[in-house]
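Data from my_file00.pdb: PDB, C-alpha atoms
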```
ATOM      1  CA  MET U   1     104.762 111.687 123.776
ATOM      2  CA  ASN U   2     106.387 108.306 123.102
ATOM      3  CA  LEU U   3     107.833 108.153 119.578
ATOM      4  CA  SER U   4     109.798 104.957 120.178
ATOM      5  CA  THR U   5     109.236 101.850 118.067
ATOM      6  CA  GLN U   6     110.429  98.252 117.893
ATOM      7  CA  TYR U   7     112.258  97.229 114.713
ATOM      8  CA  LEU U   8     114.255  94.012 114.174
ATOM      9  CA  GLY U   9     114.436  93.560 117.919
ATOM     10  CA  PHE U  10     115.839  97.049 118.569
ATOM     11  CA  THR U  11     114.082  99.800 120.457
ATOM     12  CA  LEU U  12     114.447 102.836 118.209
ATOM     13  CA  ALA U  13     113.910 106.361 119.508
ATOM     14  CA  ASN U  14     111.501 107.038 116.627
ATOM     15  CA  PRO U  15     110.444 105.425 113.327
ATOM     16  CA  ILE U  16     112.720 107.486 111.036
ATOM     17  CA  VAL U  17     115.648 105.481 109.672
ATOM     18  CA  CYS U  18     118.210 106.771 107.214
ATOM     19  CA  GLY U  19     117.807 104.348 104.304
ATOM     20  CA  ALA U  20     120.534 102.917 102.103
ATOM     21  CA  SER U  21     122.308 105.807 100.376
ATOM     22  CA  PRO U  22     125.662 107.592  99.983
ATOM     23  CA  LEU U  23     124.762 109.801 102.979
ATOM     24  CA  VAL U  24     126.764 107.545 105.299
ATOM     25  CA  ASP U  25     129.971 108.158 103.328
ATOM     26  CA  ASN U  26     130.360 111.629 104.814
ATOM     27  CA  ALA U  27     131.274 111.729 108.512
ATOM     28  CA  ASP U  28     129.861 115.225 109.021
ATOM     29  CA  THR U  29     126.549 114.243 107.410
ATOM     30  CA  VAL U  30     126.298 111.175 109.633
ATOM     31  CA  LYS U  31     126.843 113.299 112.740
ATOM     32  CA  ARG U  32     124.243 115.840 111.616
ATOM     33  CA  LEU U  33     121.712 113.066 110.956
ATOM     34  CA  VAL U  34     122.234 111.658 114.451
ATOM     35  CA  ASP U  35     121.911 115.123 115.993
ATOM     36  CA  ALA U  36     118.687 115.670 114.006
ATOM     37  CA  GLY U  37     117.176 112.468 115.400
ATOM     38  CA  VAL U  38     117.702 109.606 112.943
ATOM     39  CA  SER U  39     117.098 106.406 114.908
ATOM     40  CA  ALA U  40     119.169 103.984 112.785
ATOM     41  CA  PHE U  41     121.257 103.823 109.616
ATOM     42  CA  VAL U  42     121.118 101.450 106.660
ATOM     43  CA  LEU U  43     124.406 101.432 104.766
ATOM     44  CA  HIS U  44     124.448 101.393 100.989
ATOM     45  CA  SER U  45     124.681  97.926  99.465
ATOM     46  CA  LEU U  46     127.624  95.681  98.867
ATOM     47  CA  PHE U  47     126.782  93.861  95.643
ATOM     48  CA  GLU U  48     127.104  90.178  94.853
ATOM     49  CA  GLU U  49     129.087  91.171  91.750
ATOM     50  CA  ASP U  50     131.616  93.143  93.822
ATOM     51  CA  ILE U  51     132.262  90.185  96.113
ATOM     52  CA  GLU U  52     132.640  87.700  93.264
ATOM     53  CA  LYS U  53     134.903  90.069  91.315
ATOM     54  CA  GLU U  54     137.307  90.432  94.217
ATOM     55  CA  VAL U  55     137.288  86.702  94.933
ATOM     56  CA  ALA U  56     138.042  85.980  91.274
ATOM     57  CA  ALA U  57     140.910  88.495  91.258
ATOM     58  CA  HIS U  58     142.440  86.965  94.373
ATOM     59  CA  ASP U  59     142.081  83.463  92.923
ATOM     60  CA  GLN U  60     143.926  84.548  89.776
ATOM     61  CA  ILE U  61     146.751  86.088  91.766
ATOM     62  CA  ALA U  62     146.996  83.025  94.002
ATOM     63  CA  ALA U  63     147.192  80.748  90.967
ATOM     64  CA  TYR U  64     150.303  82.584  89.796
ATOM     65  CA  GLY U  65     151.703  83.250  93.236
ATOM     66  CA  GLU U  66     154.606  80.871  92.742
ATOM     67  CA  SER U  67     155.411  82.071  89.232
ATOM     68  CA  PHE U  68     157.731  84.899  88.350
ATOM     69  CA  ALA U  69     157.025  87.999  90.401
ATOM     70  CA  GLU U  70     156.869  90.045  87.215
ATOM     71  CA  ALA U  71     153.804  88.051  86.140
ATOM     72  CA  LEU U  72     151.723  89.689  88.848
ATOM     73  CA  SER U  73     152.095  93.033  87.105
ATOM     74  CA  PHE U  74     149.783  91.789  84.361
ATOM     75  CA  PHE U  75     146.818  91.718  86.750
ATOM     76  CA  PRO U  76     144.870  94.979  87.065
ATOM     77  CA  GLU U  77     144.980  96.689  90.436
ATOM     78  CA  ILE U  78     141.745  96.887  92.392
ATOM     79  CA  ASP U  79     140.447 100.443  92.255
ATOM     80  CA  PRO U  80     140.900 101.828  95.798
ATOM     81  CA  SER U  81     137.983 104.218  95.310
ATOM     82  CA  HIS U  82     135.630 101.326  94.558
ATOM     83  CA  THR U  83     133.557  99.996  97.441
ATOM     84  CA  GLY U  84     134.681  96.401  97.361
ATOM     85  CA  PRO U  85     134.344  93.914 100.204
ATOM     86  CA  ARG U  86     137.348  95.149 102.171
ATOM     87  CA  GLN U  87     136.319  98.772 101.867
ATOM     88  CA  TYR U  88     132.783  97.836 102.887
ATOM     89  CA  LEU U  89     133.918  96.175 106.102
ATOM     90  CA  SER U  90     135.888  99.320 106.879
ATOM     91  CA  LEU U  91     132.738 101.397 106.283
ATOM     92  CA  VAL U  92     130.744  99.219 108.686
ATOM     93  CA  GLN U  93     133.394  99.644 111.371
ATOM     94  CA  ARG U  94     133.731 103.390 110.779
ATOM     95  CA  VAL U  95     130.006 104.160 110.958
ATOM     96  CA  LYS U  96     129.508 101.828 113.905
ATOM     97  CA  ARG U  97     132.176 103.721 115.868
ATOM     98  CA  ALA U  98     130.663 107.079 114.925
ATOM     99  CA  VAL U  99     127.007 106.612 115.866
ATOM    100  CA  PRO U 100     125.127 105.538 119.015
ATOM    101  CA  VAL U 101     122.237 103.990 117.029
ATOM    102  CA  PRO U 102     121.884 100.626 115.235
ATOM    103  CA  VAL U 103     123.876 100.244 112.025
ATOM    104  CA  ILE U 104     122.262  97.966 109.440
ATOM    105  CA  ALA U 105     124.519  96.741 106.643
ATOM    106  CA  SER U 106     123.163  95.826 103.213
ATOM    107  CA  LEU U 107     123.915  92.973 100.822
ATOM    108  CA  ASN U 108     122.458  93.054  97.317
ATOM    109  CA  GLY U 109     122.216  89.870  95.263
ATOM    110  CA  SER U 110     120.128  87.796  92.906
ATOM    111  CA  SER U 111     121.566  84.269  92.835
ATOM    112  CA  VAL U 112     122.589  81.524  95.215
ATOM    113  CA  GLY U 113     126.351  81.403  95.631
ATOM    114  CA  GLY U 114     129.369  81.721  97.867
ATOM    115  CA  TRP U 115     128.862  85.489  98.161
ATOM    116  CA  THR U 116     126.111  84.914 100.732
ATOM    117  CA  GLY U 117     128.730  83.702 103.197
ATOM    118  CA  TYR U 118     130.164  87.213 103.243
ATOM    119  CA  ALA U 119     127.299  88.135 105.535
ATOM    120  CA  LYS U 120     129.334  86.556 108.341
ATOM    121  CA  GLU U 121     132.221  88.940 107.644
ATOM    122  CA  ILE U 122     129.836  91.880 107.850
ATOM    123  CA  GLU U 123     128.507  90.611 111.170
ATOM    124  CA  ALA U 124     132.060  90.266 112.480
ATOM    125  CA  ALA U 125     132.792  93.854 111.409
ATOM    126  CA  GLY U 126     130.160  95.038 113.874
ATOM    127  CA  ALA U 127     126.906  95.456 111.954
ATOM    128  CA  ASP U 128     123.899  95.299 114.261
ATOM    129  CA  ALA U 129     121.665  93.823 111.556
ATOM    130  CA  LEU U 130     121.705  93.008 107.854
ATOM    131  CA  GLU U 131     119.330  94.101 105.102
ATOM    132  CA  LEU U 132     119.338  91.608 102.212
ATOM    133  CA  ASN U 133     118.291  93.382  99.026
ATOM    134  CA  LEU U 134     116.889  90.926  96.462
ATOM    135  CA  TYR U 135     117.052  93.133  93.377
ATOM    136  CA  PHE U 136     116.675  91.582  89.952
ATOM    137  CA  LEU U 137     114.350  91.550  86.976
ATOM    138  CA  PRO U 138     113.383  88.040  85.787
ATOM    139  CA  THR U 139     113.883  87.935  82.013
ATOM    140  CA  ASP U 140     114.378  84.221  81.358
ATOM    141  CA  THR U 141     111.254  82.774  79.715
ATOM    142  CA  THR U 142     112.180  79.296  80.961
ATOM    143  CA  GLU U 143     112.114  80.303  84.648
ATOM    144  CA  ASN U 144     108.646  80.257  86.174
ATOM    145  CA  ALA U 145     107.293  82.135  89.179
ATOM    146  CA  GLN U 146     107.763  79.237  91.582
ATOM    147  CA  GLU U 147     111.413  78.849  90.581
ATOM    148  CA  ILE U 148     112.017  82.553  91.117
ATOM    149  CA  GLU U 149     110.493  82.435  94.584
ATOM    150  CA  GLU U 150     112.483  79.310  95.491
ATOM    151  CA  ARG U 151     115.685  81.029  94.385
ATOM    152  CA  CYS U 152     114.921  83.992  96.652
ATOM    153  CA  LEU U 153     114.080  81.716  99.567
ATOM    154  CA  ASP U 154     117.321  79.785  99.071
ATOM    155  CA  ILE U 155     119.304  83.047  99.200
ATOM    156  CA  VAL U 156     117.522  84.106 102.388
ATOM    157  CA  ALA U 157     118.111  80.702 104.000
ATOM    158  CA  ALA U 158     121.809  80.774 103.081
ATOM    159  CA  VAL U 159     122.316  84.234 104.566
ATOM    160  CA  ARG U 160     120.240  83.379 107.635
ATOM    161  CA  GLN U 161     122.456  80.348 108.240
ATOM    162  CA  SER U 162     125.583  82.528 108.056
ATOM    163  CA  ILE U 163     124.676  85.088 110.718
ATOM    164  CA  GLU U 164     123.099  85.486 114.126
ATOM    165  CA  ILE U 165     122.201  89.174 113.870
ATOM    166  CA  PRO U 166     118.691  90.178 112.705
ATOM    167  CA  LEU U 167     117.988  89.822 108.978
ATOM    168  CA  ALA U 168     115.607  92.039 107.004
ATOM    169  CA  VAL U 169     114.728  91.296 103.377
ATOM    170  CA  LYS U 170     114.170  94.147 100.935
ATOM    171  CA  LEU U 171     111.890  93.234  98.049
ATOM    172  CA  SER U 172     110.203  94.414  94.913
ATOM    173  CA  PRO U 173     106.379  94.219  94.824
ATOM    174  CA  PHE U 174     106.323  92.146  91.634
ATOM    175  CA  PHE U 175     105.620  88.680  92.999
ATOM    176  CA  SER U 176     102.446  87.013  91.794
ATOM    177  CA  ALA U 177     101.161  86.078  95.266
ATOM    178  CA  PHE U 178     103.030  88.563  97.417
ATOM    179  CA  ALA U 179     101.290  87.898 100.738
ATOM    180  CA  HIS U 180     101.974  84.167 100.517
ATOM    181  CA  PHE U 181     105.588  84.784  99.526
ATOM    182  CA  ALA U 182     106.049  87.196 102.430
ATOM    183  CA  LYS U 183     104.875  84.500 104.837
ATOM    184  CA  ARG U 184     107.359  82.033 103.343
ATOM    185  CA  LEU U 185     110.165  84.564 103.841
ATOM    186  CA  GLU U 186     109.197  84.788 107.512
ATOM    187  CA  GLN U 187     109.323  80.983 107.715
ATOM    188  CA  ALA U 188     112.746  80.989 106.009
ATOM    189  CA  GLY U 189     114.170  83.103 108.829
ATOM    190  CA  ALA U 190     113.630  86.725 107.871
ATOM    191  CA  ASN U 191     113.175  88.967 110.915
ATOM    192  CA  GLY U 192     111.702  91.767 108.857
ATOM    193  CA  LEU U 193     110.626  92.918 105.399
ATOM    194  CA  VAL U 194     111.488  96.224 103.743
ATOM    195  CA  LEU U 195     108.874  97.422 101.227
ATOM    196  CA  PHE U 196     109.872  98.163  98.448
ATOM    197  CA  ASN U 197     112.802  98.356  96.067
ATOM    198  CA  ARG U 198     112.656 101.166  93.531
ATOM    199  CA  PHE U 199     113.295  99.954  90.000
ATOM    200  CA  TYR U 200     115.337 102.539  88.158
ATOM    201  CA  GLN U 201     113.890 102.489  84.662
ATOM    202  CA  PRO U 202     116.419 103.215  81.901
ATOM    203  CA  ASP U 203     115.679 105.406  78.905
ATOM    204  CA  ILE U 204     116.761 105.073  75.259
ATOM    205  CA  ASP U 205     118.776 107.687  73.387
ATOM    206  CA  VAL U 206     117.447 107.312  69.851
ATOM    207  CA  GLU U 207     120.351 109.293  68.368
ATOM    208  CA  THR U 208     123.242 107.377  69.934
ATOM    209  CA  LEU U 209     121.290 104.108  70.235
ATOM    210  CA  GLN U 210     122.413 103.815  73.827
ATOM    211  CA  VAL U 211     120.507 102.698  76.890
ATOM    212  CA  VAL U 212     120.675 105.633  79.296
ATOM    213  CA  PRO U 213     120.452 104.959  83.039
ATOM    214  CA  ASN U 214     118.819 107.687  85.072
ATOM    215  CA  LEU U 215     117.975 108.366  88.662
ATOM    216  CA  HIS U 216     114.989 110.388  89.837
ATOM    217  CA  LEU U 217     114.384 110.962  93.517
ATOM    218  CA  SER U 218     111.099 109.629  94.838
ATOM    219  CA  THR U 219     107.955 111.610  95.604
ATOM    220  CA  SER U 220     105.213 111.032  98.156
ATOM    221  CA  GLU U 221     103.074 109.517  95.391
ATOM    222  CA  GLU U 222     105.243 106.395  95.512
ATOM    223  CA  LEU U 223     104.247 105.733  99.110
ATOM    224  CA  ARG U 224     100.805 104.458  98.124
ATOM    225  CA  LEU U 225     102.024 101.068  96.925
ATOM    226  CA  ARG U 226     103.911 100.647 100.200
ATOM    227  CA  LEU U 227     100.829 101.594 102.209
ATOM    228  CA  ARG U 228      98.734  98.960 100.458
ATOM    229  CA  TRP U 229     101.086  96.095 101.274
ATOM    230  CA  LEU U 230     101.934  97.294 104.756
ATOM    231  CA  ALA U 231      98.199  97.294 105.468
ATOM    232  CA  VAL U 232      97.809  93.802 103.987
ATOM    233  CA  LEU U 233     100.761  92.216 105.777
ATOM    234  CA  SER U 234     100.951  93.921 109.169
ATOM    235  CA  GLY U 235      98.110  91.921 110.642
ATOM    236  CA  GLN U 236      99.291  88.599 109.204
ATOM    237  CA  LEU U 237     103.029  88.454 109.895
ATOM    238  CA  GLY U 238     104.891  88.290 113.163
ATOM    239  CA  ILE U 239     108.001  90.096 111.915
ATOM    240  CA  SER U 240     109.059  93.726 111.534
ATOM    241  CA  LEU U 241     107.969  95.826 108.581
ATOM    242  CA  ALA U 242     109.676  98.906 107.169
ATOM    243  CA  ALA U 243     108.532 101.283 104.458
ATOM    244  CA  THR U 244     111.063 102.639 102.003
ATOM    245  CA  GLY U 245     110.343 104.832  98.998
ATOM    246  CA  GLY U 246     108.031 107.826  99.082
ATOM    247  CA  ALA U 247     108.334 108.985 102.709
ATOM    248  CA  HIS U 248     109.075 112.714 102.628
ATOM    249  CA  ASN U 249     107.215 114.403 105.467
ATOM    250  CA  ALA U 250     105.433 113.805 108.767
ATOM    251  CA  LEU U 251     102.131 112.858 107.118
ATOM    252  CA  ASP U 252     103.921 110.212 105.057
ATOM    253  CA  VAL U 253     105.412 108.752 108.241
ATOM    254  CA  ILE U 254     102.011 108.802 109.963
ATOM    255  CA  LYS U 255     100.343 107.013 107.051
ATOM    256  CA  ALA U 256     103.055 104.345 106.941
ATOM    257  CA  VAL U 257     102.823 103.697 110.675
ATOM    258  CA  MET U 258      99.019 103.551 110.544
ATOM    259  CA  ALA U 259      99.274 101.014 107.741
ATOM    260  CA  GLY U 260     101.569  98.889 109.892
ATOM    261  CA  ALA U 261     105.191 100.028 109.495
ATOM    262  CA  ASP U 262     107.528  99.665 112.451
ATOM    263  CA  ALA U 263     110.117 101.886 110.763
ATOM    264  CA  VAL U 264     110.119 104.344 107.878
ATOM    265  CA  GLN U 265     113.262 104.736 105.803
ATOM    266  CA  MET U 266     114.027 108.138 104.290
ATOM    267  CA  VAL U 267     116.525 108.874 101.537
ATOM    268  CA  SER U 268     115.228 111.199  98.819
ATOM    269  CA  ALA U 269     113.853 113.726 101.323
ATOM    270  CA  LEU U 270     117.222 113.844 103.090
ATOM    271  CA  LEU U 271     119.099 114.268  99.827
ATOM    272  CA  ARG U 272     116.764 117.118  98.867
ATOM    273  CA  HIS U 273     116.515 118.951 102.178
ATOM    274  CA  GLY U 274     119.548 117.857 104.178
ATOM    275  CA  PRO U 275     119.906 116.168 107.587
ATOM    276  CA  ASP U 276     118.015 118.871 109.495
ATOM    277  CA  HIS U 277     114.842 117.753 107.704
ATOM    278  CA  VAL U 278     114.630 114.872 110.181
ATOM    279  CA  ARG U 279     114.235 117.314 113.057
ATOM    280  CA  THR U 280     111.436 119.085 111.210
ATOM    281  CA  VAL U 281     109.592 115.839 110.476
ATOM    282  CA  LEU U 282     109.885 114.608 114.059
ATOM    283  CA  GLY U 283     108.580 117.910 115.382
ATOM    284  CA  GLU U 284     105.587 117.821 113.044
ATOM    285  CA  LEU U 285     104.983 114.151 113.870
ATOM    286  CA  ALA U 286     104.881 114.869 117.620
ATOM    287  CA  SER U 287     102.590 117.873 117.114
ATOM    288  CA  TRP U 288     100.157 115.908 114.957
ATOM    289  CA  MET U 289     100.018 113.067 117.462
ATOM    290  CA  ASP U 290      99.370 115.483 120.299
ATOM    291  CA  GLU U 291      96.584 117.227 118.370
ATOM    292  CA  HIS U 292      94.931 113.877 117.580
ATOM    293  CA  ASP U 293      95.314 112.391 121.084
ATOM    294  CA  TYR U 294      97.869 109.702 120.209
ATOM    295  CA  GLU U 295     100.153 108.962 123.129
ATOM    296  CA  SER U 296     102.571 106.649 121.306
ATOM    297  CA  ILE U 297     103.670 105.211 117.996
ATOM    298  CA  ALA U 298     102.596 101.800 119.297
ATOM    299  CA  GLN U 299      99.037 103.081 119.684
ATOM    300  CA  MET U 300      99.033 104.329 116.099
ATOM    301  CA  ARG U 301     100.753 101.387 114.429
ATOM    302  CA  GLY U 302      98.458  99.234 112.297
ATOM    303  CA  SER U 303      95.345 101.231 113.149
ATOM    304  CA  MET U 304      94.476 101.406 109.442
ATOM    305  CA  ASN U 305      95.549  97.947 108.319
ATOM    306  CA  LEU U 306      93.287  95.379 106.674
ATOM    307  CA  GLU U 307      93.067  93.351 109.868
ATOM    308  CA  ARG U 308      90.530  95.983 110.941
ATOM    309  CA  SER U 309      88.319  94.971 108.023
ATOM    310  CA  PRO U 310      86.087  91.894 108.455
ATOM    311  CA  ASN U 311      86.563  90.986 104.780
ATOM    312  CA  ALA U 312      89.816  92.354 103.407
ATOM    313  CA  ALA U 313      89.354  90.967  99.894
ATOM    314  CA  ALA U 314      85.894  92.493  99.617
ATOM    315  CA  PHE U 315      87.222  95.803 100.915
ATOM    316  CA  GLU U 316      89.931  95.864  98.244
ATOM    317  CA  ARG U 317      87.436  95.029  95.511
ATOM    318  CA  THR U 318      84.939  97.629  96.710
ATOM    319  CA  ASN U 319      87.658 100.258  96.903
ATOM    320  CA  TYR U 320      88.691  99.480  93.315
ATOM    321  CA  VAL U 321      85.127  99.848  92.042
ATOM    322  CA  LYS U 322      84.652 103.070  93.998
ATOM    323  CA  VAL U 323      87.816 104.611  92.520
ATOM    324  CA  ILE U 324      86.795 103.707  88.956
ATOM    325  CA  HIS U 325      83.356 105.296  89.397
ATOM    326  CA  SER U 326      84.716 108.389  91.117
ATOM    327  CA  TRP U 327      86.012 109.935  87.887
ATOM    328  CA  GLY U 328      83.551 112.374  86.387
ATOM    329  CA  LEU U 329      83.622 113.940  82.918
TER
END
```
Written as structure tokens, that's how I'd like the structure from this file.
Amino acid sequence: MNLSTQYLGFTLANPIVCGASPLVDNADTVKRLVDAGVSAFVLHSLFEEDIEKEVAAHDQIAAYGESFAEALSFFPEIDPSHTGPRQYLSLVQRVKRAVPVPVIASLNGSSVGGWTGYAKEIEAAGADALELNLYFLPTDTTENAQEIEERCLDIVAAVRQSIEIPLAVKLSPFFSAFAHFAKRLEQAGANGLVLFNRFYQPDIDVETLQVVPNLHLSTSEELRLRLRWLAVLSGQLGISLAATGGAHNALDVIKAVMAGADAVQMVSALLRHGPDHVRTVLGELASWMDEHDYESIAQMRGSMNLERSPNAAAFERTNYVKVIHSWGL
């Protein structure tokens, strides 16, 4: 049984990747994940705001560097527990030394700026690849859809120009013509797409009049949106595709691969069940493939994508109508 897969130019032992999360911060957890069979790691993100904050602090200190030494005491110290750029490079180096599988760093940003050049520092620290997380919610009524897409493409091009290692782009699904935009990202130099970001919806406390952030782990229900777009894109793009969000068990992995995923990132399931859950999923995956006469992941990949349909648009429309009429009172 061949569970190996190709992702971002790497041959992974299996499709299960540990997605961006705090799991990599604990050395024992990392070792247990490797022992359980994780084929690659995505580090949690370094944010555009963190990079710019540290650059601004250094610029302020440099501006007063030739003044009285006492003046430097007025500048706040950088919190050593905060994952700033220097700490992030150390994390990349530490995880890279600890694991025998690809280590994919993550940059999270929403605007074009000097922070994109930091990708080169991450590459120099030893990251095998970079996942660029374009996470933002457009709220400006003067910015149209084309301008938003151009901004994203400019960010991708700037990062691509900074590094030689593979570049994956992690996206939200909320682009008006997603398939067309995905193709433009491929043309801009992306080596892969990661589908999709999870938007963490805040709540409102009506007593304190505060916006309350909250985090709920995903469920398998969330995988459906990923399956739709994996199926749409996998026959039309020549780059890697990864699913993230909603993969909890072997059936979820099978569905994602059938839709066209090269890799399946897990986070919530690992937070819930621990690193040994990977071993369980891989065992169930191999058993299912054996029972259904699949010899490899490559044989399974894309077997249920829309390329198999002679008229994808008609299939989508027919499926919509069928679902609407399937509800009985």
> Hey, can you check how far atom CA of Ala124 of chain U sits from atom CA of Val92 of chain U?
Replying inline: 9.8 Å
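Those residues that approach segment 108-120 of chain U to within 7 Å, counting only C-alpha atoms, are U:Ser45, U:Leu46, U:Phe47, U:Glu48, U:Ile51, U:Glu52, U:Glu123, U:Ala124, U:Leu132, U:Asn133, U:Leu134, U:Tyr135, U:Phe136, U:Arg151, U:Asp154, U:Ile155, U:Ala158, U:Val159, U:Ser162, U:Ile163; same-chain residues fewer than 3 positions away are not listed.
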Applying the PyMOL selection byres ((chain U and resi 182-191) around 10) to the file I just gave you, which residues come out? Please list them as a PDB file with C-alpha atoms, keeping the file's coordinate frame.
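Dumped everything to result.pdb:
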```
ATOM      1  CA  TYR U   7     112.258  97.229 114.713  1.00  0.00           C
ATOM      2  CA  LEU U   8     114.255  94.012 114.174  1.00  0.00           C
ATOM      3  CA  GLY U   9     114.436  93.560 117.919  1.00  0.00           C
ATOM      4  CA  ALA U 129     121.665  93.823 111.556  1.00  0.00           C
ATOM      5  CA  LEU U 130     121.705  93.008 107.854  1.00  0.00           C
ATOM      6  CA  GLU U 131     119.330  94.101 105.102  1.00  0.00           C
ATOM      7  CA  LEU U 132     119.338  91.608 102.212  1.00  0.00           C
ATOM      8  CA  GLU U 149     110.493  82.435  94.584  1.00  0.00           C
ATOM      9  CA  GLU U 150     112.483  79.310  95.491  1.00  0.00           C
ATOM     10  CA  CYS U 152     114.921  83.992  96.652  1.00  0.00           C
ATOM     11  CA  LEU U 153     114.080  81.716  99.567  1.00  0.00           C
ATOM     12  CA  ASP U 154     117.321  79.785  99.071  1.00  0.00           C
ATOM     13  CA  ILE U 155     119.304  83.047  99.200  1.00  0.00           C
ATOM     14  CA  VAL U 156     117.522  84.106 102.388  1.00  0.00           C
ATOM     15  CA  ALA U 157     118.111  80.702 104.000  1.00  0.00           C
ATOM     16  CA  ALA U 158     121.809  80.774 103.081  1.00  0.00           C
ATOM     17  CA  VAL U 159     122.316  84.234 104.566  1.00  0.00           C
ATOM     18  CA  ARG U 160     120.240  83.379 107.635  1.00  0.00           C
ATOM     19  CA  GLN U 161     122.456  80.348 108.240  1.00  0.00           C
ATOM     20  CA  ILE U 165     122.201  89.174 113.870  1.00  0.00           C
ATOM     21  CA  PRO U 166     118.691  90.178 112.705  1.00  0.00           C
ATOM     22  CA  LEU U 167     117.988  89.822 108.978  1.00  0.00           C
ATOM     23  CA  ALA U 168     115.607  92.039 107.004  1.00  0.00           C
ATOM     24  CA  VAL U 169     114.728  91.296 103.377  1.00  0.00           C
ATOM     25  CA  LEU U 171     111.890  93.234  98.049  1.00  0.00           C
ATOM     26  CA  PHE U 175     105.620  88.680  92.999  1.00  0.00           C
ATOM     27  CA  ALA U 177     101.161  86.078  95.266  1.00  0.00           C
ATOM     28  CA  PHE U 178     103.030  88.563  97.417  1.00  0.00           C
ATOM     29  CA  ALA U 179     101.290  87.898 100.738  1.00  0.00           C
ATOM     30  CA  HIS U 180     101.974  84.167 100.517  1.00  0.00           C
ATOM     31  CA  PHE U 181     105.588  84.784  99.526  1.00  0.00           C
ATOM     32  CA  GLY U 192     111.702  91.767 108.857  1.00  0.00           C
ATOM     33  CA  LEU U 193     110.626  92.918 105.399  1.00  0.00           C
ATOM     34  CA  LEU U 233     100.761  92.216 105.777  1.00  0.00           C
ATOM     35  CA  GLN U 236      99.291  88.599 109.204  1.00  0.00           C
ATOM     36  CA  LEU U 237     103.029  88.454 109.895  1.00  0.00           C
ATOM     37  CA  GLY U 238     104.891  88.290 113.163  1.00  0.00           C
ATOM     38  CA  ILE U 239     108.001  90.096 111.915  1.00  0.00           C
ATOM     39  CA  SER U 240     109.059  93.726 111.534  1.00  0.00           C
ATOM     40  CA  LEU U 241     107.969  95.826 108.581  1.00  0.00           C
TER      41      LEU U 241
END
```
>> Using the chain letters and numbers from this file, what does the PyMOL selection byres ((chain U and resi 305) around 8) select? Give the answer as a PyMOL selection string.
In response: chain U and resi 230-232+234-235+258-260+302-304+306-309
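What separates atom CA of Gln93 of chain U from atom CA of Val281 of chain U is a distance of 28.8 Å.
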Please list, as a short mmCIF file (atom, residue, chain, number, x, y, z; two decimals) with C-alpha atoms, keeping the file's coordinate frame, the residues that have an atom at most 10 Å away from (114.7, 114.2, 114.7) in the coordinates of this file, counting all atoms listed in the file.
```
data_model
loop_
_atom_site.label_atom_id
_atom_site.label_comp_id
_atom_site.auth_asym_id
_atom_site.auth_seq_id
_atom_site.Cartn_x
_atom_site.Cartn_y
_atom_site.Cartn_z
CA ALA U 13 113.91 106.36 119.51
CA ASN U 14 111.50 107.04 116.63
CA PRO U 15 110.44 105.42 113.33
CA ILE U 16 112.72 107.49 111.04
CA LEU U 33 121.71 113.07 110.96
CA VAL U 34 122.23 111.66 114.45
CA ASP U 35 121.91 115.12 115.99
CA ALA U 36 118.69 115.67 114.01
CA GLY U 37 117.18 112.47 115.40
CA VAL U 38 117.70 109.61 112.94
CA SER U 39 117.10 106.41 114.91
CA PRO U 275 119.91 116.17 107.59
CA ASP U 276 118.02 118.87 109.50
CA HIS U 277 114.84 117.75 107.70
CA VAL U 278 114.63 114.87 110.18
CA ARG U 279 114.24 117.31 113.06
CA THR U 280 111.44 119.08 111.21
CA VAL U 281 109.59 115.84 110.48
CA LEU U 282 109.88 114.61 114.06
CA GLY U 283 108.58 117.91 115.38
CA GLU U 284 105.59 117.82 113.04
CA LEU U 285 104.98 114.15 113.87
#
```
Check what the PyMOL selection byres ((chain U and resi 44) around 10) selects in the file above and give those residues as a PDB file with C-alpha atoms, in the frame of the given file.
```
ATOM      1  CA  GLY U  19     117.807 104.348 104.304  1.00  0.00           C
ATOM      2  CA  ALA U  20     120.534 102.917 102.103  1.00  0.00           C
ATOM      3  CA  SER U  21     122.308 105.807 100.376  1.00  0.00           C
ATOM      4  CA  PRO U  22     125.662 107.592  99.983  1.00  0.00           C
ATOM      5  CA  LEU U  23     124.762 109.801 102.979  1.00  0.00           C
ATOM      6  CA  VAL U  24     126.764 107.545 105.299  1.00  0.00           C
ATOM      7  CA  ASP U  25     129.971 108.158 103.328  1.00  0.00           C
ATOM      8  CA  PHE U  41     121.257 103.823 109.616  1.00  0.00           C
ATOM      9  CA  VAL U  42     121.118 101.450 106.660  1.00  0.00           C
ATOM     10  CA  LEU U  43     124.406 101.432 104.766  1.00  0.00           C
ATOM     11  CA  SER U  45     124.681  97.926  99.465  1.00  0.00           C
ATOM     12  CA  LEU U  46     127.624  95.681  98.867  1.00  0.00           C
ATOM     13  CA  PHE U  47     126.782  93.861  95.643  1.00  0.00           C
ATOM     14  CA  THR U  83     133.557  99.996  97.441  1.00  0.00           C
ATOM     15  CA  TYR U  88     132.783  97.836 102.887  1.00  0.00           C
ATOM     16  CA  LEU U  91     132.738 101.397 106.283  1.00  0.00           C
ATOM     17  CA  ILE U 104     122.262  97.966 109.440  1.00  0.00           C
ATOM     18  CA  ALA U 105     124.519  96.741 106.643  1.00  0.00           C
ATOM     19  CA  SER U 106     123.163  95.826 103.213  1.00  0.00           C
ATOM     20  CA  LEU U 107     123.915  92.973 100.822  1.00  0.00           C
ATOM     21  CA  ASN U 108     122.458  93.054  97.317  1.00  0.00           C
ATOM     22  CA  GLU U 131     119.330  94.101 105.102  1.00  0.00           C
TER      23      GLU U 131
END
```
> To one decimal place, how far is atom CA of Ala247 of chain U from atom CA of Ala98 of chain U in Å?
Replying inline: 25.5 Å
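Restricting the calculation to all atoms listed in the file, the smallest distance between Tyr294 of chain U and any of U:Met1, U:Leu209, U:Val253, U:Ala261 is found for U:Met1.
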